[in-house]
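Content type compact mmCIF, C-alpha atoms, from the file final-v6.txt:
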```
# COMPACT_ATOMS: atom_id res chain seq x y z
CA MET A 290 22.03 -14.32 -13.48
CA SER A 291 23.60 -16.41 -10.74
CA LEU A 292 23.11 -15.51 -7.10
CA GLY A 293 26.86 -15.68 -6.62
CA ARG A 294 27.58 -13.11 -9.31
CA ALA A 295 24.87 -10.78 -8.03
CA SER A 296 26.34 -11.05 -4.53
CA ARG A 297 29.85 -10.25 -5.77
CA VAL A 298 28.79 -7.31 -7.89
CA SER A 299 26.60 -5.75 -5.18
CA ARG A 300 28.81 -6.65 -2.21
CA ALA A 301 29.40 -3.06 -1.06
CA PRO A 302 25.78 -1.84 -1.08
CA ILE A 303 24.65 -5.14 0.45
CA GLY A 304 26.96 -4.40 3.38
CA GLY A 305 25.44 -0.93 3.67
CA LEU A 306 21.86 -2.11 3.59
CA MET A 307 22.55 -4.88 6.07
CA SER A 308 23.96 -2.30 8.47
CA VAL A 309 20.79 -0.25 8.07
CA GLY A 310 18.71 -3.36 8.76
CA ILE A 311 20.72 -4.24 11.86
CA PHE A 312 20.34 -0.70 13.15
CA TRP A 313 16.57 -0.44 12.83
CA GLY A 314 15.96 -4.06 13.82
CA GLY A 315 18.01 -3.74 16.99
CA PHE A 316 16.73 -0.31 17.89
CA SER A 317 13.09 -1.26 17.35
CA ALA A 318 13.37 -4.22 19.70
CA LEU A 319 14.85 -1.96 22.39
CA VAL A 320 12.28 0.84 22.15
CA PRO A 321 10.46 -0.19 25.37
CA ASP A 322 13.72 -0.05 27.33
CA ILE A 323 14.80 3.25 25.79
CA LYS A 324 11.41 4.83 26.51
CA HIS A 325 11.66 3.69 30.12
CA ILE A 326 15.20 5.06 30.55
CA VAL A 327 14.25 8.56 29.38
CA GLY A 328 10.77 8.45 30.94
CA ALA A 329 8.96 9.02 27.63
CA SER A 330 5.27 8.37 27.13
CA ASP A 331 4.00 6.92 23.86
CA GLN A 332 3.02 10.41 22.73
CA GLN A 333 6.37 11.93 23.66
CA PHE A 334 8.26 9.14 21.93
CA GLY A 335 6.14 9.58 18.80
CA LEU A 336 6.92 13.29 18.75
CA ALA A 337 10.63 12.56 19.24
CA LEU A 338 10.53 10.25 16.23
CA ILE A 339 9.63 13.25 14.09
CA LEU A 340 13.21 14.39 14.64
CA SER A 341 14.41 11.13 13.10
CA ALA A 342 12.40 11.92 9.98
CA LEU A 343 13.86 15.43 9.88
CA GLY A 344 17.34 13.96 10.15
CA SER A 345 16.57 11.69 7.21
CA ILE A 346 15.35 14.66 5.16
CA SER A 347 18.54 16.58 5.96
CA ALA A 348 20.64 13.62 4.84
CA THR A 349 18.66 13.32 1.61
CA TYR A 350 19.65 16.88 0.79
CA LEU A 351 23.32 16.37 1.70
CA VAL A 352 24.04 12.93 0.24
CA PRO A 353 24.66 14.02 -3.40
CA ALA A 354 27.30 16.55 -2.32
CA ILE A 355 28.86 14.10 0.15
CA GLY A 356 29.00 11.35 -2.46
CA ALA A 357 30.51 13.64 -5.07
CA ARG A 358 33.20 14.75 -2.63
CA LEU A 359 34.05 11.38 -1.07
CA GLY A 360 33.63 9.17 -4.14
CA ARG A 361 34.38 5.53 -3.52
CA ALA A 362 35.05 6.25 0.16
CA THR A 363 31.41 7.25 0.67
CA LEU A 364 30.03 3.89 1.80
CA PRO A 365 32.84 3.06 4.26
CA ILE A 366 32.76 6.53 5.82
CA VAL A 367 29.00 6.72 6.23
CA GLY A 368 29.11 3.10 7.39
CA VAL A 369 31.38 4.15 10.27
CA LEU A 370 29.01 7.04 11.04
CA LEU A 371 26.15 4.58 11.31
CA ALA A 372 28.18 2.32 13.60
CA MET A 373 28.69 5.34 15.87
CA ALA A 374 24.94 6.10 15.83
CA PHE A 375 24.25 2.92 17.81
CA PHE A 376 25.62 4.75 20.85
CA TYR A 377 23.51 7.90 20.53
CA PRO A 378 20.47 6.56 22.44
CA LEU A 379 22.74 5.54 25.30
CA PHE A 380 23.61 9.18 26.02
CA ALA A 381 19.97 10.27 26.17
CA THR A 382 18.73 10.93 29.70
CA SER A 383 15.61 12.91 28.80
CA VAL A 384 12.99 13.04 26.07
CA THR A 385 14.63 16.14 24.60
CA ALA A 386 18.03 14.46 24.49
CA LEU A 387 16.46 11.41 22.88
CA ALA A 388 14.87 13.62 20.21
CA VAL A 389 18.30 15.09 19.41
CA ALA A 390 19.79 11.58 19.30
CA LEU A 391 17.01 10.46 16.95
CA TYR A 392 17.74 13.36 14.60
CA PHE A 393 21.35 12.29 14.15
CA MET A 394 20.37 8.62 14.06
CA GLY A 395 17.94 9.34 11.24
CA ALA A 396 20.55 11.33 9.35
CA SER A 397 23.20 8.61 9.73
CA VAL A 398 20.87 5.81 8.63
CA ALA A 399 19.53 7.78 5.66
CA MET A 400 23.02 8.65 4.42
CA LEU A 401 24.02 5.00 4.27
CA ASP A 402 20.65 3.83 2.94
CA ILE A 403 20.55 6.38 0.12
CA SER A 404 24.23 5.98 -0.76
CA SER A 405 23.82 2.20 -0.96
CA ASN A 406 20.81 2.51 -3.25
CA VAL A 407 22.62 5.01 -5.48
CA ARG A 408 25.45 2.52 -5.80
CA LEU A 409 23.01 -0.29 -6.58
CA SER A 410 21.44 1.74 -9.38
CA ALA A 411 24.86 2.49 -10.85
CA LEU A 412 25.86 -1.17 -10.71
CA GLU A 413 22.61 -2.32 -12.29
CA SER A 414 23.12 0.09 -15.17
CA ARG A 415 26.78 -0.79 -15.61
CA HIS A 416 26.39 -4.56 -15.51
CA GLY A 417 22.88 -4.95 -16.90
CA LEU A 418 21.82 -6.94 -13.82
CA HIS A 419 18.86 -6.81 -11.45
CA LEU A 420 20.40 -6.35 -8.01
CA MET A 421 17.76 -4.60 -5.93
CA ASN A 422 15.82 -7.72 -4.92
CA LEU A 423 18.83 -9.51 -3.46
CA SER A 424 20.18 -6.43 -1.70
CA HIS A 425 16.89 -5.49 -0.10
CA ALA A 426 16.28 -9.11 0.88
CA MET A 427 19.56 -8.94 2.79
CA PHE A 428 18.32 -5.76 4.48
CA SER A 429 15.18 -7.60 5.59
CA PHE A 430 17.21 -10.58 6.77
CA ALA A 431 19.49 -8.30 8.81
CA PHE A 432 16.51 -6.42 10.26
CA GLY A 433 14.74 -9.59 11.34
CA GLY A 434 17.92 -11.19 12.65
CA ALA A 435 18.85 -8.14 14.72
CA ALA A 436 15.36 -7.84 16.17
CA PHE A 437 15.37 -11.55 17.05
CA VAL A 438 18.80 -11.40 18.70
CA ALA A 439 17.91 -8.23 20.61
CA GLY A 440 14.71 -9.87 21.83
CA LEU A 441 16.64 -12.89 23.10
CA ALA A 442 19.18 -10.63 24.79
CA ARG A 443 16.42 -8.63 26.49
CA LYS A 444 14.85 -11.87 27.72
CA ALA A 445 18.23 -12.84 29.16
CA GLY A 446 18.30 -9.60 31.15
CA TYR A 447 20.49 -7.41 28.96
CA GLY A 448 19.60 -3.82 28.11
CA PRO A 449 20.52 -1.22 25.48
CA ALA A 450 23.87 -0.48 27.14
CA GLU A 451 24.98 -4.08 26.54
CA ILE A 452 23.20 -4.83 23.26
CA LEU A 453 23.75 -1.73 21.13
CA PRO A 454 27.58 -1.76 21.38
CA VAL A 455 27.57 -5.35 20.09
CA PHE A 456 25.47 -4.34 17.10
CA SER A 457 27.81 -1.41 16.53
CA GLY A 458 30.70 -3.84 16.34
CA VAL A 459 28.85 -5.93 13.75
CA ALA A 460 28.17 -2.78 11.73
CA LEU A 461 31.88 -1.94 11.82
CA LEU A 462 32.70 -5.40 10.48
CA LEU A 463 30.29 -4.79 7.61
CA VAL A 464 32.22 -1.63 6.71
CA VAL A 465 34.89 -3.98 5.32
CA MET A 466 32.33 -5.15 2.74
CA MET A 467 31.68 -1.54 1.69
CA ARG A 468 35.17 -0.86 0.31
CA GLU A 469 35.02 -0.31 -3.43
CA SER A 470 37.40 -0.05 -6.35
CA ALA A 471 35.22 2.36 -8.34
CA ASP A 472 33.61 5.67 -7.51
CA ILE A 473 30.09 5.39 -6.08
CA TYR A 474 28.79 7.66 -8.82
CA GLY A 475 30.76 5.87 -11.51
CA THR A 476 33.22 8.67 -12.21
CA ALA A 477 36.37 6.76 -11.36
CA LYS A 478 38.18 4.48 -13.76
CA LEU A 479 36.80 0.94 -13.58
CA ASP A 480 39.03 -1.97 -12.78
CA ALA A 481 38.72 -5.40 -14.41
CA GLU A 482 36.32 -6.79 -11.79
CA ASP A 483 33.99 -3.81 -11.95
CA ALA A 484 33.90 -3.49 -15.73
CA PRO A 485 30.80 -4.66 -17.64
CA ALA A 486 30.77 -8.18 -18.99
CA GLY A 487 32.12 -8.47 -22.49
CA THR A 488 34.48 -5.47 -22.33
```

Could you quickly redo this structure as structure tokens?
Amino acid sequence: MSLGRASRVSRAPIGGLMSVGIFWGGFSALVPDIKHIVGASDQQFGLALILSALGSISATYLVPAIGARLGRATLPIVGVLLAMAFFYPLFATSVTALAVALYFMGASVAMLDISSNVRLSALESRHGLHLMNLSHAMFSFAFGGAAFVAGLARKAGYGPAEILPVFSGVALLLVVMMRESADIYGTAKLDAEDAPAGT
């Protein structure tokens, strides 16, 4: 299997997983600033992160129904939701508000993460290809790149209010990659590009 073919076949979920990587990479690098803004101690921030996990659990429950209803529009729509989530920490002015923001951040990230992996599994089955390694490598690349860029920006004197909107814009650009011609759960009619080789 060529890298080029794997990239073409898994283009949409790669875009989704890269957005997830950019989100967590950028947010992680800005945690010290965000904690300072809301006046959270390490313990308080750790407790607030539990809300992020609860948001992820909620999304895990909802994703199958959302995917079945939205079909091939699932990745672009949840991709836009994730792009919006970059702004949630900016509205937090207290630990409680940050906990609420983290809940919806966790839900937004999990929806795109799970939906992208569902799509990857469907594509692997349909095309008989191994796509997970490449796609998750792109997640790691995006995570590391976002953390590195955020670190440089912090060193230059920029804070979350300047950095997170830029990452949100990048995530919106990646939504273009997430447009698909076939249903995310494989229920729509396949076009020539999406059909298995040899058909």

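Distances from A:Ala445, A:Leu306, A:Val465, A:Leu340 to Val398 of chain A were compared using all atoms listed in the file, and the smallest one belongs to A:Leu306.
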
Open item on the list: If I take atom CA of Ala435 of chain A and atom CA of Gly315 of chain A, how far is one from the other in Å, to one decimal?
Closed with: 5.0 Å

Task: Nearest candidate to Gly448 of chain A (options A:His325, A:Arg297, A:Arg358, A:His419; using all atoms listed in the file) - done: A:His325

- [ ] Skip Phe334 of chain A itself and residues of its chain fewer than 2 positions away, then list as a VMD selection string all residues within 9 Å of it, counting only C-alpha atoms.
- [x] chain A and resid 324 329 to 332 336 to 339 384 387 to 388

Open item on the list: Using only C-alpha atoms, can you tell me which of A:Leu364, A:Ala390, A:Leu292, A:Val407 comes closest to Leu463 of chain A?
Closed with: A:Leu364

TODO: Would you work out the distance separating atom CA of Leu461 of chain A from atom CA of Tyr377 of chain A, expressed in Å to one decimal?
DONE: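 One can read the atom CA of Leu461 of chain A to atom CA of Tyr377 of chain A distance as 15.6 Å.
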